>>> print(open('structure_39.cif').read())   # mmCIF, C-alpha atoms and all ligand atoms
data_coords
loop_
_atom_site.label_atom_id
_atom_site.label_comp_id
_atom_site.auth_asym_id
_atom_site.auth_seq_id
_atom_site.Cartn_x
_atom_site.Cartn_y
_atom_site.Cartn_z
CA MET K 1 -46.96 62.23 -73.99
CA THR K 2 -48.46 65.38 -75.44
CA ALA K 3 -47.54 69.03 -75.04
CA ALA K 4 -50.63 69.40 -72.82
CA THR K 5 -49.27 66.92 -70.25
CA ALA K 6 -45.72 68.26 -70.42
CA ALA K 7 -43.97 69.35 -67.24
CA THR K 8 -44.09 73.10 -66.73
CA ALA K 9 -40.36 73.71 -67.09
CA PRO K 10 -39.22 77.32 -67.33
CA GLN K 11 -38.65 78.40 -70.91
CA ARG K 12 -34.93 77.77 -71.06
CA ARG K 13 -33.75 77.59 -74.61
CA ILE K 14 -32.38 74.07 -74.97
CA LEU K 15 -30.62 72.66 -78.01
CA CYS K 16 -30.89 68.86 -77.70
CA ILE K 17 -28.39 66.90 -79.77
CA ASP K 18 -28.55 63.18 -80.64
CA HIS K 19 -26.30 61.30 -83.08
CA ALA K 20 -28.98 58.79 -84.10
CA GLY K 21 -31.84 59.00 -86.59
CA VAL K 22 -33.26 55.64 -85.53
CA LEU K 23 -35.64 54.84 -82.67
CA GLY K 24 -33.54 53.38 -79.87
CA GLY K 25 -34.38 53.71 -76.19
CA ALA K 26 -32.29 56.87 -75.80
CA GLU K 27 -34.22 58.48 -78.64
CA LEU K 28 -37.63 57.40 -77.33
CA SER K 29 -36.73 58.90 -73.95
CA LEU K 30 -35.59 62.14 -75.60
CA ARG K 31 -38.85 62.32 -77.53
CA ASP K 32 -40.83 62.60 -74.28
CA LEU K 33 -38.29 64.98 -72.77
CA ALA K 34 -38.26 67.26 -75.81
CA VAL K 35 -42.05 67.58 -75.61
CA SER K 36 -41.76 68.55 -71.94
CA PHE K 37 -39.03 71.12 -72.68
CA GLY K 38 -41.64 73.04 -74.66
CA GLU K 39 -41.45 75.36 -77.62
CA SER K 40 -38.15 76.94 -76.73
CA ALA K 41 -36.34 73.64 -77.34
CA GLU K 42 -35.14 72.14 -80.60
CA VAL K 43 -33.63 68.75 -81.40
CA LEU K 44 -30.62 68.55 -83.68
CA LEU K 45 -29.99 65.08 -85.10
CA LEU K 46 -26.58 64.12 -86.44
CA ALA K 47 -28.20 61.53 -88.75
CA ASP K 48 -31.52 61.50 -90.55
CA GLY K 49 -34.04 58.72 -90.02
CA PRO K 50 -37.44 57.82 -88.54
CA PHE K 51 -36.63 59.62 -85.28
CA ARG K 52 -37.06 62.91 -87.12
CA ALA K 53 -40.67 62.10 -88.07
CA ALA K 54 -41.38 60.75 -84.57
CA LEU K 55 -40.34 64.12 -83.13
CA THR K 56 -42.20 66.17 -85.71
CA ALA K 57 -45.35 64.15 -84.99
CA GLN K 58 -45.15 65.34 -81.37
CA GLY K 59 -44.75 68.97 -82.43
CA VAL K 60 -41.02 69.09 -81.59
CA ARG K 61 -38.82 71.31 -83.76
CA VAL K 62 -36.11 69.19 -85.34
CA ASP K 63 -33.26 69.65 -87.79
CA VAL K 64 -30.49 67.39 -89.14
CA GLU K 65 -26.75 68.09 -89.37
CA PRO K 66 -25.05 64.90 -90.66
CA LEU K 67 -21.91 63.69 -88.90
CA GLY K 68 -19.75 62.51 -91.83
CA ALA K 69 -16.87 60.09 -91.06
CA LEU K 70 -17.29 60.51 -87.30
CA GLY K 71 -20.60 58.69 -87.64
CA ALA K 72 -18.75 55.51 -88.59
CA VAL K 73 -16.63 55.41 -85.41
CA LYS K 74 -17.74 52.36 -83.42
CA LYS K 75 -18.08 52.59 -79.67
CA ASP K 76 -15.73 49.69 -78.99
CA ALA K 77 -13.04 51.08 -81.32
CA GLY K 78 -9.90 52.96 -80.27
CA LEU K 79 -9.48 56.70 -80.74
CA PRO K 80 -11.03 58.19 -83.91
CA SER K 81 -9.01 58.71 -87.11
CA LEU K 82 -7.70 62.10 -88.25
CA GLY K 83 -10.44 62.25 -90.93
CA ALA K 84 -13.07 61.72 -88.29
CA LEU K 85 -11.51 64.42 -86.11
CA MET K 86 -11.47 66.86 -89.05
CA ASP K 87 -15.16 66.14 -89.65
CA ALA K 88 -15.75 66.69 -85.95
CA ALA K 89 -14.11 70.12 -86.18
CA GLY K 90 -16.37 71.05 -89.12
CA ILE K 91 -19.53 69.91 -87.43
CA ALA K 92 -18.54 71.53 -84.14
CA LYS K 93 -18.35 74.89 -85.94
CA ARG K 94 -21.73 74.41 -87.58
CA VAL K 95 -23.36 73.34 -84.31
CA ALA K 96 -21.69 76.26 -82.50
CA ARG K 97 -23.38 78.68 -84.92
CA ARG K 98 -26.75 77.18 -84.00
CA ALA K 99 -25.88 77.01 -80.30
CA ARG K 100 -25.65 80.80 -79.91
CA ALA K 101 -29.46 81.00 -80.00
CA TYR K 102 -29.73 78.65 -76.97
CA ASP K 103 -28.95 78.77 -73.25
CA VAL K 104 -27.69 75.20 -72.95
CA LEU K 105 -26.61 72.27 -75.12
CA TYR K 106 -28.12 69.00 -73.98
CA ALA K 107 -26.34 65.95 -75.47
CA ASN K 108 -28.36 62.72 -75.53
CA SER K 109 -25.58 60.33 -76.63
CA GLN K 110 -21.83 59.98 -76.38
CA LYS K 111 -21.12 61.09 -79.96
CA ALA K 112 -23.49 64.00 -79.49
CA PHE K 113 -21.61 64.93 -76.32
CA VAL K 114 -18.28 65.06 -78.18
CA VAL K 115 -19.80 67.39 -80.76
CA ALA K 116 -21.62 69.45 -78.10
CA ALA K 117 -18.46 69.77 -75.98
CA ALA K 118 -16.59 71.34 -78.88
CA ALA K 119 -19.54 73.46 -80.02
CA GLY K 120 -20.18 74.66 -76.46
CA LEU K 121 -16.57 75.75 -76.15
CA LEU K 122 -16.76 77.74 -79.39
CA ALA K 123 -20.17 79.26 -78.62
CA ARG K 124 -19.52 79.67 -74.87
CA ARG K 125 -22.57 77.69 -73.89
CA PRO K 126 -22.83 75.16 -71.04
CA VAL K 127 -23.12 71.50 -72.03
CA VAL K 128 -25.12 68.84 -70.19
CA TRP K 129 -24.56 65.20 -71.05
CA HIS K 130 -27.44 62.78 -70.56
CA LEU K 131 -25.36 59.66 -70.08
CA ARG K 132 -27.30 56.56 -71.07
CA ASP K 133 -24.39 54.12 -71.38
CA ILE K 134 -22.41 52.10 -68.88
CA LEU K 135 -18.84 53.28 -69.46
CA GLU K 136 -17.25 49.86 -68.93
CA GLU K 137 -15.42 47.29 -71.01
CA PRO K 138 -16.46 45.46 -73.13
CA HIS K 139 -19.31 47.90 -73.89
CA PHE K 140 -16.55 50.39 -74.83
CA SER K 141 -12.81 50.26 -75.41
CA ARG K 142 -10.56 51.42 -72.56
CA ALA K 143 -9.42 54.41 -74.68
CA ASN K 144 -13.01 55.45 -75.33
CA ILE K 145 -13.99 55.14 -71.65
CA THR K 146 -11.09 57.24 -70.41
CA ALA K 147 -11.53 59.88 -73.11
CA ALA K 148 -15.28 60.16 -72.45
CA ALA K 149 -14.89 60.56 -68.69
CA GLN K 150 -12.06 63.09 -69.04
CA LEU K 151 -13.96 65.10 -71.64
CA ALA K 152 -16.95 65.19 -69.28
CA ASN K 153 -14.73 66.40 -66.42
CA LEU K 154 -13.35 69.15 -68.66
CA ARG K 155 -16.41 70.25 -70.58
CA ALA K 156 -19.68 69.04 -69.00
CA ALA K 157 -21.47 71.47 -66.71
CA GLY K 158 -23.38 68.41 -65.52
CA VAL K 159 -24.04 64.77 -66.30
CA ILE K 160 -27.50 63.22 -66.01
CA ALA K 161 -27.22 59.43 -65.58
CA ASN K 162 -30.15 57.13 -66.37
CA SER K 163 -29.41 54.89 -63.35
CA HIS K 164 -27.15 54.63 -60.33
CA ALA K 165 -25.30 51.86 -62.15
CA THR K 166 -24.57 54.24 -65.04
CA ALA K 167 -23.46 56.93 -62.57
CA ASP K 168 -21.19 54.52 -60.68
CA ALA K 169 -19.51 53.32 -63.89
CA PHE K 170 -18.91 56.95 -64.90
CA VAL K 171 -17.20 57.64 -61.56
CA ALA K 172 -15.21 54.40 -61.76
CA ALA K 173 -14.03 55.56 -65.21
CA GLY K 174 -12.61 58.72 -63.61
CA GLY K 175 -15.65 60.99 -64.01
CA HIS K 176 -16.26 63.49 -61.20
CA ARG K 177 -19.06 62.37 -58.88
CA GLU K 178 -20.17 65.98 -58.21
CA LEU K 179 -21.13 66.40 -61.87
CA VAL K 180 -23.70 63.59 -61.72
CA HIS K 181 -27.47 63.71 -61.25
CA VAL K 182 -29.31 60.38 -61.44
CA VAL K 183 -32.70 60.50 -63.16
CA HIS K 184 -34.34 57.18 -63.97
CA ASN K 185 -36.15 56.85 -67.26
CA GLY K 186 -39.90 57.04 -67.23
CA ILE K 187 -42.44 55.63 -69.64
CA ASP K 188 -45.64 57.24 -70.89
CA VAL K 189 -48.43 55.03 -69.57
CA ALA K 190 -51.12 56.33 -71.98
CA PRO K 191 -50.54 53.72 -74.74
CA PHE K 192 -50.82 50.95 -72.12
CA ASP K 193 -54.01 52.44 -70.64
CA ALA K 194 -55.50 52.72 -74.13
CA LEU K 195 -55.28 48.96 -74.77
CA SER K 196 -58.56 47.09 -75.06
CA PRO K 197 -58.90 43.88 -73.00
CA ASP K 198 -58.74 41.98 -76.32
CA ALA K 199 -55.46 43.55 -77.43
CA GLY K 200 -53.41 40.48 -76.49
CA PRO K 201 -55.61 37.80 -78.12
CA GLU K 202 -56.06 40.02 -81.20
CA ALA K 203 -52.31 40.44 -81.58
CA ARG K 204 -51.84 36.67 -81.26
CA ARG K 205 -54.41 36.05 -84.00
CA ALA K 206 -52.76 38.60 -86.28
CA LEU K 207 -49.38 36.92 -85.72
CA GLY K 208 -50.70 33.38 -86.16
CA VAL K 209 -49.58 32.40 -82.66
CA PRO K 210 -51.75 29.62 -81.16
CA ALA K 211 -54.20 31.05 -78.62
CA GLU K 212 -53.41 28.33 -76.08
CA ALA K 213 -49.60 28.44 -76.38
CA PHE K 214 -47.41 29.74 -73.56
CA VAL K 215 -45.63 32.77 -75.06
CA VAL K 216 -42.53 34.64 -73.95
CA ALA K 217 -41.52 37.88 -75.64
CA LEU K 218 -38.23 39.75 -75.97
CA PHE K 219 -38.11 43.39 -77.09
CA GLY K 220 -34.93 45.11 -78.16
CA ARG K 221 -32.61 45.96 -80.98
CA PHE K 222 -30.46 43.13 -82.29
CA HIS K 223 -27.03 43.22 -80.71
CA PRO K 224 -24.93 40.47 -79.13
CA TRP K 225 -25.17 42.22 -75.74
CA LYS K 226 -28.97 42.31 -75.87
CA GLY K 227 -28.85 38.52 -75.63
CA GLN K 228 -31.33 37.22 -78.22
CA GLN K 229 -29.11 34.10 -78.32
CA VAL K 230 -29.80 33.37 -74.63
CA LEU K 231 -33.56 33.31 -75.18
CA LEU K 232 -33.17 30.88 -78.07
CA ASP K 233 -31.04 28.55 -75.92
CA ALA K 234 -33.62 28.75 -73.11
CA LEU K 235 -36.44 28.03 -75.55
CA ALA K 236 -34.71 24.81 -76.58
CA GLU K 237 -35.22 23.68 -72.95
CA LEU K 238 -38.92 24.66 -72.95
CA PRO K 239 -40.87 22.34 -75.26
CA GLY K 240 -44.04 23.87 -76.69
CA VAL K 241 -43.25 27.44 -75.53
CA HIS K 242 -43.39 30.12 -78.25
CA ALA K 243 -41.24 33.26 -78.43
CA LEU K 244 -41.89 36.66 -79.97
CA ILE K 245 -38.61 38.36 -80.81
CA VAL K 246 -39.32 42.02 -81.50
CA GLY K 247 -36.75 44.51 -82.75
CA ALA K 248 -34.31 45.24 -85.54
CA PRO K 249 -30.56 45.62 -85.98
CA LEU K 250 -30.69 49.43 -85.61
CA PHE K 251 -26.97 50.05 -85.89
CA GLY K 252 -25.97 47.59 -88.65
CA GLU K 253 -25.93 44.28 -86.72
CA THR K 254 -27.52 42.37 -89.62
CA ALA K 255 -25.01 39.49 -89.51
CA PHE K 256 -25.85 38.94 -85.85
CA GLU K 257 -29.57 38.89 -86.67
CA ALA K 258 -29.03 36.34 -89.47
CA ALA K 259 -26.93 34.21 -87.09
CA GLN K 260 -29.87 34.08 -84.65
CA HIS K 261 -32.24 32.84 -87.36
CA ALA K 262 -29.67 30.12 -88.15
CA ARG K 263 -29.32 29.30 -84.44
CA ALA K 264 -33.10 28.82 -84.09
CA ARG K 265 -33.06 26.42 -87.06
CA ALA K 266 -30.06 24.52 -85.67
CA LEU K 267 -31.77 24.19 -82.28
CA GLY K 268 -34.90 22.81 -83.99
CA ILE K 269 -37.14 25.54 -82.53
CA ALA K 270 -37.69 27.71 -85.63
CA ASP K 271 -41.43 26.86 -85.74
CA ARG K 272 -41.86 28.34 -82.26
CA VAL K 273 -39.94 31.58 -82.83
CA HIS K 274 -41.75 34.58 -84.33
CA TRP K 275 -39.40 37.26 -85.64
CA LEU K 276 -41.38 40.48 -85.79
CA GLY K 277 -38.76 43.06 -86.75
CA PHE K 278 -39.15 46.66 -85.58
CA ARG K 279 -42.67 47.41 -84.31
CA ASP K 280 -44.42 50.45 -82.96
CA ASP K 281 -47.21 48.55 -81.15
CA ILE K 282 -45.12 47.37 -78.22
CA PRO K 283 -47.87 47.53 -75.53
CA ALA K 284 -50.23 45.24 -77.52
CA LEU K 285 -47.42 42.80 -78.31
CA MET K 286 -46.49 42.64 -74.64
CA ARG K 287 -50.11 41.79 -73.85
CA ALA K 288 -49.91 38.96 -76.40
CA ALA K 289 -47.22 37.36 -74.23
CA ASP K 290 -47.46 35.48 -70.94
CA VAL K 291 -44.00 36.62 -69.83
CA VAL K 292 -41.78 39.52 -70.96
CA VAL K 293 -38.09 38.70 -70.83
CA HIS K 294 -35.00 40.88 -70.84
CA THR K 295 -31.81 39.00 -71.66
CA SER K 296 -28.93 41.50 -71.85
CA VAL K 297 -25.64 39.71 -71.23
CA LEU K 298 -23.77 42.92 -70.32
CA PRO K 299 -24.98 45.43 -67.72
CA GLU K 300 -28.05 47.22 -69.08
CA PRO K 301 -27.74 50.95 -68.34
CA PHE K 302 -31.45 51.21 -67.59
CA GLY K 303 -33.76 49.04 -69.73
CA ARG K 304 -36.98 50.75 -70.78
CA VAL K 305 -38.35 47.41 -71.95
CA VAL K 306 -38.35 46.10 -68.38
CA VAL K 307 -40.59 48.96 -67.18
CA GLU K 308 -42.80 48.54 -70.26
CA GLY K 309 -43.30 44.83 -69.53
CA MET K 310 -44.39 45.75 -66.01
CA LEU K 311 -46.75 48.48 -67.28
CA ALA K 312 -48.29 45.94 -69.66
CA GLY K 313 -49.19 43.87 -66.59
CA ARG K 314 -46.93 40.99 -67.52
CA PRO K 315 -44.49 39.20 -65.22
CA VAL K 316 -40.94 40.10 -66.24
CA VAL K 317 -37.79 38.03 -66.11
CA ALA K 318 -34.72 40.26 -66.44
CA THR K 319 -30.98 39.99 -65.98
CA ARG K 320 -29.42 41.03 -62.70
CA ALA K 321 -26.90 43.63 -63.85
CA GLY K 322 -26.58 47.35 -64.49
CA GLY K 323 -29.66 49.45 -63.77
CA VAL K 324 -32.17 46.57 -63.87
CA PRO K 325 -32.05 45.78 -60.11
CA GLU K 326 -33.02 49.44 -59.56
CA ILE K 327 -36.27 48.64 -61.40
CA VAL K 328 -37.04 45.06 -60.33
CA THR K 329 -36.93 43.56 -56.85
CA GLU K 330 -36.37 39.85 -57.20
CA GLY K 331 -39.42 37.76 -56.32
CA GLU K 332 -41.50 40.87 -55.60
CA THR K 333 -41.97 42.89 -58.76
CA GLY K 334 -40.30 40.45 -61.19
CA CYS K 335 -37.68 37.73 -61.49
CA LEU K 336 -33.95 38.40 -61.85
CA VAL K 337 -31.59 35.86 -63.40
CA PRO K 338 -27.83 35.96 -63.99
CA PRO K 339 -26.80 37.33 -67.40
CA ALA K 340 -26.01 34.82 -70.16
CA ASP K 341 -27.51 31.92 -68.19
CA ALA K 342 -30.03 30.15 -70.45
CA PRO K 343 -30.82 27.36 -67.94
CA ALA K 344 -31.64 29.97 -65.25
CA LEU K 345 -33.82 31.87 -67.73
CA ALA K 346 -35.63 28.64 -68.66
CA ARG K 347 -36.16 27.80 -64.97
CA ALA K 348 -37.63 31.25 -64.25
CA ILE K 349 -40.01 30.99 -67.22
CA ARG K 350 -41.07 27.49 -66.17
CA GLY K 351 -41.64 28.71 -62.62
CA LEU K 352 -44.02 31.42 -63.84
CA ARG K 353 -45.82 29.04 -66.21
CA ASP K 354 -46.34 26.49 -63.43
CA ASN K 355 -47.64 29.06 -60.94
CA PRO K 356 -50.13 31.28 -62.79
CA ALA K 357 -51.58 32.80 -59.60
CA GLY K 358 -48.11 33.74 -58.31
CA ALA K 359 -47.16 35.11 -61.73
CA ALA K 360 -50.30 37.26 -61.89
CA ALA K 361 -49.71 38.63 -58.39
CA MET K 362 -46.10 39.47 -59.25
CA ALA K 363 -47.23 41.16 -62.47
CA ALA K 364 -49.77 43.25 -60.55
CA ARG K 365 -47.13 44.36 -58.04
CA GLY K 366 -44.76 45.14 -60.94
CA ALA K 367 -47.38 47.23 -62.73
CA ALA K 368 -48.17 49.25 -59.60
CA HIS K 369 -44.47 49.83 -58.93
CA ALA K 370 -43.73 50.88 -62.52
CA ARG K 371 -46.63 53.35 -62.52
CA ALA K 372 -45.56 54.85 -59.22
CA GLN K 373 -41.81 55.02 -59.82
CA PHE K 374 -41.16 55.22 -63.55
CA SER K 375 -43.66 57.63 -65.08
CA ALA K 376 -42.74 59.92 -67.95
CA GLY K 377 -43.86 62.85 -65.81
CA ALA K 378 -41.41 61.94 -63.05
CA MET K 379 -38.59 61.61 -65.59
CA CYS K 380 -39.35 65.00 -67.16
CA ALA K 381 -39.59 66.68 -63.77
CA GLY K 382 -36.34 65.03 -62.68
CA VAL K 383 -34.48 66.21 -65.76
CA ALA K 384 -35.93 69.74 -65.38
CA ARG K 385 -34.73 69.80 -61.75
CA ALA K 386 -31.27 68.56 -62.74
CA LEU K 387 -31.00 71.19 -65.49
CA ASP K 388 -32.07 73.89 -63.00
CA ALA K 389 -29.43 72.82 -60.51
CA ILE K 390 -26.72 72.58 -63.18
CA LEU K 391 -27.52 75.96 -64.74
CA HIS K 392 -27.75 77.54 -61.30
CA GLU K 393 -24.18 76.37 -60.62
CA VAL K 394 -23.05 77.69 -64.01
CA ALA K 395 -24.57 81.10 -63.26
CA ARG K 396 -22.80 81.23 -59.87
CA ALA K 397 -19.39 80.32 -61.27
N1 LIG K 401 -38.74 49.19 -79.19
C1 LIG K 401 -39.62 49.56 -80.20
N2 LIG K 401 -39.81 48.69 -81.24
C2 LIG K 401 -39.15 47.52 -81.33
C3 LIG K 401 -38.24 47.15 -80.29
C4 LIG K 401 -38.07 48.02 -79.24
O1 LIG K 401 -40.25 50.62 -80.15
O2 LIG K 401 -39.37 46.80 -82.29
C5 LIG K 401 -38.56 50.12 -78.06
C6 LIG K 401 -38.89 49.52 -76.70
O3 LIG K 401 -40.28 49.53 -76.50
C7 LIG K 401 -38.11 50.45 -75.78
C8 LIG K 401 -36.91 50.84 -76.62
O4 LIG K 401 -37.21 50.49 -77.96
O5 LIG K 401 -38.87 51.59 -75.43
C9 LIG K 401 -35.63 50.17 -76.21
O6 LIG K 401 -35.16 50.79 -75.05
P1 LIG K 401 -34.23 50.07 -73.97
O7 LIG K 401 -33.95 51.10 -72.95
O8 LIG K 401 -34.86 48.83 -73.48
O9 LIG K 401 -32.92 49.63 -74.78
P2 LIG K 401 -31.91 50.43 -75.75
O10 LIG K 401 -32.22 50.02 -77.15
O11 LIG K 401 -32.10 51.88 -75.52
O12 LIG K 401 -30.54 49.97 -75.34
C1 LIG K 402 -29.67 53.38 -73.71
C2 LIG K 402 -29.53 52.14 -72.84
C3 LIG K 402 -30.82 51.69 -72.22
C4 LIG K 402 -31.60 52.86 -71.67
C5 LIG K 402 -31.81 53.89 -72.76
C6 LIG K 402 -32.59 55.11 -72.30
O1 LIG K 402 -29.99 53.11 -75.01
O2 LIG K 402 -28.95 51.07 -73.57
O3 LIG K 402 -30.57 50.76 -71.18
O4 LIG K 402 -32.83 52.43 -71.14
O5 LIG K 402 -30.56 54.35 -73.20
O6 LIG K 402 -31.89 55.85 -71.30
#
>>> encode(input="structure_39.cif", output="structure tokens", more="lines below")
Ligand code: UDP
Ligand code: GLC
Amino acid sequence: MTAATAATAPQRRILCIDHAGVLGGAELSLRDLAVSFGESAEVLLLADGPFRAALTAQGVRVDVEPLGALGAVKKDAGLPSLGALMDAAGIAKRVARRARAYDVLYANSQKAFVVAAAAGLLARRPVVWHLRDILEEPHFSRANITAAAQLANLRAAGVIANSHATADAFVAAGGHRELVHVVHNGIDVAPFDALSPDAGPEARRALGVPAEAFVVALFGRFHPWKGQQVLLDALAELPGVHALIVGAPLFGETAFEAAQHARARALGIADRVHWLGFRDDIPALMRAADVVVHTSVLPEPFGRVVVEGMLAGRPVVATRAGGVPEIVTEGETGCLVPPADAPALARAIRGLRDNPAGAAAMAARGAAHARAQFSAGAMCAGVARALDAILHEVARA
């Protein structure tokens, strides 16, 4: 998305805060939102990395304020150490100084929300949390879930949830329902529209994937809950089928990534698995595949990759959990399979391979649905509306 296509939000001064410097789904969504917020917004990252350049390239003002020891606190850990809390106090003060030039603090991640909550208190600014996680075990520890929901009840002027599933988990964790606005993610369709008809075959040639092979592709960072292992197990039941596995261990999961390479060798399928690492040409790679799969074994809060697969005009097979059923209607716009069920995944892939006409029709319905329901414009407008409503309430209080 470019500034020219950005939603015409009023010029509220928004300080967006994100703990990550890498390009995860939350960050890619914020990139489009920050463009739509316009010139009066700035993004403050709590870690440096490629996200900074991705924002700058879109004309978004960005600065970095590193987190220190708090950055090392893992989401499934218990409460943070004293050192981490001291660092949090220091960063809260520094962020509060910046916050005074803004009308609202918009936190794009849980760690960012903790920092924003403290900074907002010091600077007397409202805080909005864009909640992109399912606050459930085992995604998070019980202590973390309770603390996050209670902090939101105390300090968030509003919570924007990326799906109804995310909203429901927040409420089940003790979060106040009246704080929550659900806004589904949306994806910029321009890179998909810009693809030439040869994009798929060209990508296959560049990757050395046989032109005639049946290819499934999985997109996502390496993490046990993203389920790369399930695709490998399914592939072992699908002789001759190739897999593209696209993504990197963004948050240090290198041992898990290495274990998947070993698993492919042990299963005897290594010659059919193409590990592509992190890529920025996702639409073309999706076109190189016959089927796009999503394999998360825990509830996916939203799942941008599912919408992207649909926009690429590919049939998707995704897991029935979290926000995914809000995107895909089983048998209509895609296939849904139970999480962590490799035989079911293999069956769904086989079903699509053996019925090309049905698969193409499903892909066409999926593409139309994704365009209509999950556009970047709709997401930006939805977030602008939610911010309006939240700030209106703040002004009345
Ligand atoms: N992605 C990417 N390069 C990769 C793998 C993934 O740009 O190598 C993108 C993918 O296209 C999607 C995002 O990363 O837009 C992942 O978002 P999703 O919501 O699916 O999962 P998350 O990582 O946020 O949990
Ligand atoms: C998170 C979630 C993912 C969601 C993304 C954007 O990273 O894991 O499901 O699509 O945020 O909201």
>>> residues_around(input="structure_39.cif", residues="K:Arg61", least_positions_apart="4", cutoff="7 Å", atoms="only C-alpha atoms", output="mmCIF file with C-alpha atoms, in the coordinates of the input")
data_model
loop_
_atom_site.group_PDB
_atom_site.id
_atom_site.type_symbol
_atom_site.label_atom_id
_atom_site.label_comp_id
_atom_site.auth_asym_id
_atom_site.auth_seq_id
_atom_site.Cartn_x
_atom_site.Cartn_y
_atom_site.Cartn_z
ATOM 1 C CA GLU K 42 -35.140 72.140 -80.600
ATOM 2 C CA VAL K 43 -33.630 68.750 -81.400
ATOM 3 C CA THR K 56 -42.200 66.170 -85.710
#
>>> atom_distance(input="structure_39.cif", atom1="atom CA of K:Arg125", atom2="atom CA of K:Ala101")
9.8 Å
>>> closest_residue(input="structure_39.cif", among="K:Ala364, K:Val64, K:Ala217, K:Ile390", to="K:Pro50", atoms="all atoms listed in the file")
K:Val64
>>> closest_residue(input="structure_39.cif", among="K:Ala284, K:Leu44, K:Val95, K:Leu195", to="ligand LIG 401 (chain K)", atoms="all atoms listed in the file")
K:Ala284
>>> atom_distance(input="structure_39.cif", atom1="atom CA of K:Gly334", atom2="atom CA of K:Ala318")
7.7 Å
>>> atom_distance(input="structure_39.cif", atom1="atom CA of K:Leu179", atom2="atom CA of K:Asn108")
15.9 Å
>>> axis_aligned_box(input="structure_39.cif", around="ligand LIG 402 (chain K)", padding_each_side="6 Å", output="JSON")
{"center_x": -30.9, "center_y": 53.3, "center_z": -73.1, "size_x": 15.9, "size_y": 17.1, "size_z": 15.9}
>>> residues_around(input="structure_39.cif", residues="K:Ile145", least_positions_apart="3", cutoff="12 Å", atoms="only C-alpha atoms", output="list in words")
Lys75, Asp76, Ala77, Gly78, Leu79, Gln110, Asp133, Ile134, Leu135, Glu136, Glu137, Pro138, His139, Phe140, Ser141, Arg142, Ala148, Ala149, Gln150, Leu151, Ala152, Ala169, Phe170, Val171, Ala172, Ala173, Gly174 and Gly175 of chain K
>>> closest_residue(input="structure_39.cif", among="K:Ser81, K:Gln260, K:Ser296, K:Asn153", to="ligand LIG 401 (chain K)", atoms="all atoms listed in the file")
K:Ser296
>>> closest_residue(input="structure_39.cif", among="K:Arg100, K:Asp281, K:Ala118, K:Gln229", to="K:Leu85", atoms="all atoms listed in the file")
K:Ala118
>>> build_atoms(input="structure_39.cif", residues="stretch 237-245 of chain K", atoms="N, CA, C and O atoms", output="CSV table (one decimal), keeping the file's coordinate frame")
chain,number,residue,atom,x,y,z
K,237,GLU,N,-35.0,24.5,-74.2
K,237,GLU,CA,-35.2,23.7,-73.0
K,237,GLU,C,-36.7,23.8,-72.5
K,237,GLU,O,-37.1,23.3,-71.5
K,238,LEU,N,-37.5,24.4,-73.3
K,238,LEU,CA,-38.9,24.7,-73.0
K,238,LEU,C,-39.9,24.2,-74.1
K,238,LEU,O,-40.4,25.0,-74.8
K,239,PRO,N,-40.1,22.9,-74.2
K,239,PRO,CA,-40.9,22.3,-75.3
K,239,PRO,C,-42.2,23.0,-75.3
K,239,PRO,O,-42.9,23.2,-74.3
K,240,GLY,N,-42.7,23.3,-76.5
K,240,GLY,CA,-44.0,23.9,-76.7
K,240,GLY,C,-44.2,25.4,-76.5
K,240,GLY,O,-45.1,26.0,-76.9
K,241,VAL,N,-43.2,26.0,-75.8
K,241,VAL,CA,-43.2,27.4,-75.5
K,241,VAL,C,-42.9,28.2,-76.8
K,241,VAL,O,-41.9,27.8,-77.5
K,242,HIS,N,-43.7,29.3,-77.1
K,242,HIS,CA,-43.4,30.1,-78.2
K,242,HIS,C,-42.7,31.4,-77.8
K,242,HIS,O,-42.8,31.8,-76.7
K,243,ALA,N,-41.9,32.0,-78.7
K,243,ALA,CA,-41.2,33.3,-78.4
K,243,ALA,C,-41.5,34.3,-79.5
K,243,ALA,O,-41.5,34.0,-80.7
K,244,LEU,N,-41.8,35.5,-79.1
K,244,LEU,CA,-41.9,36.7,-80.0
K,244,LEU,C,-40.6,37.4,-79.8
K,244,LEU,O,-40.2,37.7,-78.7
K,245,ILE,N,-39.9,37.6,-80.9
K,245,ILE,CA,-38.6,38.4,-80.8
K,245,ILE,C,-38.8,39.6,-81.6
K,245,ILE,O,-39.0,39.6,-82.9
